[in-house]
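Below: one structure, written as structure tokens.
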Amino acid sequence: MSLDEKIELKIYFDRVYNGVAGNKKYIIISNSLLKLYESNPQAVRCMIVHELTHIKYRDFALSKMINTFGIAFSSNYSRAISLLMEIRAEVESFRINEFTEEEFTNIHTLFNKQNKNPSKLNSYKVGYPSRDLTIAMCIKHKAFTTELINDILNDFCDVMKIKKKRKLVERVKSKFDPNKSTILLDVQLNVHRCN
Ligand SMILES: [Zn+2]
């Protein structure tokens with residue numbers, strides 16, 4: 001990963017282990033996550049590289065709105081784009097940190113317990129992979145490959161019971177370049193709280 005500028009690390013107060021890519025200049029993590037550093041530095045590294053990946057691909061505008069304001073997506077296209085963005089950040093964190101499968105599983109199991117993450121369906125509804133799905137996909141694919149993209153989009157369509165599955169998958173894949181910034185994608189958001 002190459003990032004040209006200095007990235008500032010900011011802290012906010014929250015009992016949930018969380019991180020947000022604020023913009024291209026800073027990352028914000030919760031004080032509870034920072035407190036973990038002494039006992040579990042890998043968990044902190046996992047979150048920080050996830051957020052750095054969002055900065056690298058300029059995902060931050062979308063992530064910030066979702067994380068900060070609890071904004072929900074208005075279409076399955078937008079949910080699917082967000083899902084790819086999030087799983088890319090997870091798999092890059094797994095790869096760059098050189099975690100073992102056991103380490104990565106333990107980190108996400110810890111996050112899952114404390115954050116009380118919703119089911120796969122409820123996670124998909126807000127454009128996120130569940131922690132269990134994140135573990136499974138990262139261990140299976142190890143990198144952000146076309147196979148991973150196909151795998152997760154197919155699962156998303158099945159779980160969300162999307163009728164025109166092939167059409168949606170093709171549309172998402174035609175817009176989402178795995179190696180490019182997502183900031184220019186035409187993603188629509190509804191301004192309301194989703195939880
Ligand atoms: Zn993220």
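Naming scheme: A, B, ... for chains in displayed order of the structure tokens; residues 1 onward per chain; ligands 1 onward as shown.
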Throw together the list of residues within 12 Å of ligand 1, counting only C-alpha atoms and all ligand atoms, and drop it here as an NGL selection string. :A and (18-22 or 27-29 or 46-55 or 57-68 or 82-93 or 127-131 or 134)
Mind writing the picked residues with N, CA and C atoms as a compact mmCIF listing (two decimals), in the first residue's frame?
```txt
# COMPACT_ATOMS: atom_id res chain seq x y z
N ASN A 18 -14.44 0.69 17.24
CA ASN A 18 -14.83 1.20 15.93
C ASN A 18 -13.75 2.10 15.35
N GLY A 19 -13.77 2.23 14.04
CA GLY A 19 -12.86 3.13 13.35
C GLY A 19 -13.56 3.73 12.15
N VAL A 20 -13.16 4.93 11.78
CA VAL A 20 -13.75 5.62 10.63
C VAL A 20 -12.63 6.30 9.87
N ALA A 21 -12.66 6.18 8.53
CA ALA A 21 -11.73 6.95 7.72
C ALA A 21 -12.37 8.32 7.53
N GLY A 22 -11.86 9.32 8.27
CA GLY A 22 -12.50 10.64 8.29
C GLY A 22 -12.45 11.34 6.94
N ILE A 27 -7.69 9.31 10.36
CA ILE A 27 -8.51 8.16 10.75
C ILE A 27 -8.95 8.42 12.19
N ILE A 28 -10.19 8.06 12.51
CA ILE A 28 -10.65 8.20 13.89
C ILE A 28 -10.96 6.81 14.43
N ILE A 29 -10.42 6.52 15.61
CA ILE A 29 -10.77 5.25 16.25
C ILE A 29 -11.35 5.53 17.63
N CYS A 46 -5.53 -4.28 12.86
CA CYS A 46 -6.54 -4.77 11.91
C CYS A 46 -7.47 -3.63 11.51
N MET A 47 -7.96 -2.89 12.51
CA MET A 47 -8.89 -1.79 12.23
C MET A 47 -8.19 -0.65 11.48
N ILE A 48 -6.97 -0.33 11.88
CA ILE A 48 -6.27 0.80 11.26
C ILE A 48 -5.94 0.51 9.79
N VAL A 49 -5.50 -0.68 9.48
CA VAL A 49 -5.20 -0.98 8.07
C VAL A 49 -6.50 -1.04 7.25
N HIS A 50 -7.57 -1.48 7.86
CA HIS A 50 -8.89 -1.43 7.21
C HIS A 50 -9.20 0.02 6.80
N GLU A 51 -9.03 0.93 7.75
CA GLU A 51 -9.35 2.35 7.46
C GLU A 51 -8.36 2.95 6.45
N LEU A 52 -7.09 2.57 6.54
CA LEU A 52 -6.10 3.06 5.56
C LEU A 52 -6.48 2.60 4.15
N THR A 53 -7.02 1.40 4.06
CA THR A 53 -7.44 0.90 2.74
C THR A 53 -8.59 1.76 2.20
N HIS A 54 -9.50 2.16 3.09
CA HIS A 54 -10.57 3.06 2.64
C HIS A 54 -9.98 4.38 2.12
N ILE A 55 -8.93 4.86 2.79
CA ILE A 55 -8.30 6.11 2.34
C ILE A 55 -7.62 5.89 1.00
N TYR A 57 -8.35 3.94 -1.37
CA TYR A 57 -9.32 3.86 -2.47
C TYR A 57 -10.35 4.98 -2.45
N ARG A 58 -10.13 5.94 -1.56
CA ARG A 58 -11.05 7.08 -1.45
C ARG A 58 -12.49 6.64 -1.14
N ASP A 59 -12.61 5.63 -0.31
CA ASP A 59 -13.94 5.16 0.11
C ASP A 59 -14.50 6.02 1.23
N PHE A 60 -13.67 6.92 1.77
CA PHE A 60 -13.99 7.51 3.06
C PHE A 60 -15.28 8.31 3.11
N ALA A 61 -15.64 8.95 2.02
CA ALA A 61 -16.84 9.79 2.07
C ALA A 61 -18.06 8.94 2.40
N LEU A 62 -18.12 7.82 1.73
CA LEU A 62 -19.25 6.92 1.92
C LEU A 62 -19.21 6.28 3.31
N SER A 63 -18.02 5.79 3.71
CA SER A 63 -17.88 5.15 5.01
C SER A 63 -18.26 6.10 6.13
N LYS A 64 -17.83 7.34 5.99
CA LYS A 64 -18.07 8.32 7.05
C LYS A 64 -19.57 8.55 7.23
N MET A 65 -20.27 8.69 6.12
CA MET A 65 -21.71 8.94 6.21
C MET A 65 -22.43 7.77 6.87
N ILE A 66 -22.01 6.57 6.48
CA ILE A 66 -22.67 5.39 7.01
C ILE A 66 -22.36 5.23 8.50
N ASN A 67 -21.08 5.36 8.85
CA ASN A 67 -20.67 5.15 10.24
C ASN A 67 -21.16 6.25 11.17
N THR A 68 -21.08 7.47 10.71
CA THR A 68 -21.37 8.59 11.60
C THR A 68 -22.87 8.83 11.72
N SER A 82 -21.06 -0.90 -1.57
CA SER A 82 -20.52 -0.72 -0.22
C SER A 82 -19.94 -2.02 0.31
N LEU A 83 -20.65 -3.10 0.05
CA LEU A 83 -20.20 -4.42 0.49
C LEU A 83 -18.82 -4.75 -0.09
N LEU A 84 -18.62 -4.47 -1.37
CA LEU A 84 -17.32 -4.74 -2.01
C LEU A 84 -16.22 -3.86 -1.41
N MET A 85 -16.59 -2.61 -1.16
CA MET A 85 -15.65 -1.66 -0.56
C MET A 85 -15.20 -2.16 0.83
N GLU A 86 -16.18 -2.65 1.60
CA GLU A 86 -15.87 -3.11 2.97
C GLU A 86 -15.07 -4.42 2.96
N ILE A 87 -15.43 -5.33 2.09
CA ILE A 87 -14.71 -6.61 2.08
C ILE A 87 -13.30 -6.41 1.53
N ARG A 88 -13.15 -5.43 0.62
CA ARG A 88 -11.79 -5.11 0.14
C ARG A 88 -10.93 -4.60 1.30
N ALA A 89 -11.50 -3.73 2.14
CA ALA A 89 -10.75 -3.20 3.29
C ALA A 89 -10.39 -4.33 4.26
N GLU A 90 -11.31 -5.28 4.43
CA GLU A 90 -11.04 -6.40 5.36
C GLU A 90 -9.95 -7.33 4.81
N VAL A 91 -10.06 -7.68 3.55
CA VAL A 91 -9.11 -8.64 2.99
C VAL A 91 -7.72 -8.00 2.86
N GLU A 92 -7.68 -6.71 2.60
CA GLU A 92 -6.39 -6.02 2.54
C GLU A 92 -5.75 -5.96 3.92
N SER A 93 -6.56 -5.75 4.94
CA SER A 93 -6.04 -5.72 6.31
C SER A 93 -5.48 -7.09 6.69
N GLY A 127 -25.32 -2.69 3.72
CA GLY A 127 -24.13 -2.66 2.86
C GLY A 127 -22.85 -3.13 3.51
N TYR A 128 -22.99 -3.99 4.53
CA TYR A 128 -21.80 -4.51 5.23
C TYR A 128 -21.76 -6.04 5.19
N PRO A 129 -20.54 -6.61 5.23
CA PRO A 129 -20.46 -8.07 5.46
C PRO A 129 -20.55 -8.32 6.97
N SER A 130 -21.22 -9.38 7.38
CA SER A 130 -21.21 -9.73 8.82
C SER A 130 -19.80 -10.16 9.18
N ARG A 131 -19.49 -10.19 10.47
CA ARG A 131 -18.13 -10.61 10.89
C ARG A 131 -17.85 -12.06 10.50
N THR A 134 -17.05 -12.12 6.90
CA THR A 134 -15.73 -11.54 6.69
C THR A 134 -14.64 -12.58 6.94
```
Do you know which residues are at most 9 Å from Val172 of chain A counting only C-alpha atoms, after dropping those on the same chain fewer than 4 positions away, and could you put them as a VMD selection string? chain A and resid 77 to 78 80 to 81 153 167 to 168 176
Given only C-alpha atoms as the counted atoms, nearest of A:Thr145, A:Thr100, A:Ser75, A:Cys138 to Met160 of chain A: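 Answer, going by the shortest atom-to-atom distance: A:Ser75.
Distance-wise, atom CA of Ile96 of chain A and atom CA of Lys10 of chain A end up 21.8 Å apart.
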Atom-to-atom span, atom CA of Leu9 of chain A and atom CA of Ser32 of chain A, Å: 14.3 Å
Lys140 of chain A: which residues within 12 Å, counting only C-alpha atoms, same-chain residues fewer than 5 positions away excluded, as JSON, numbers by chain? {"A": [91, 94, 101, 133, 134, 135, 145, 147, 148, 151, 152]}
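Note that the spacing between atom CA of Val44 of chain A and atom CA of Lys125 of chain A amounts to 26.4 Å.
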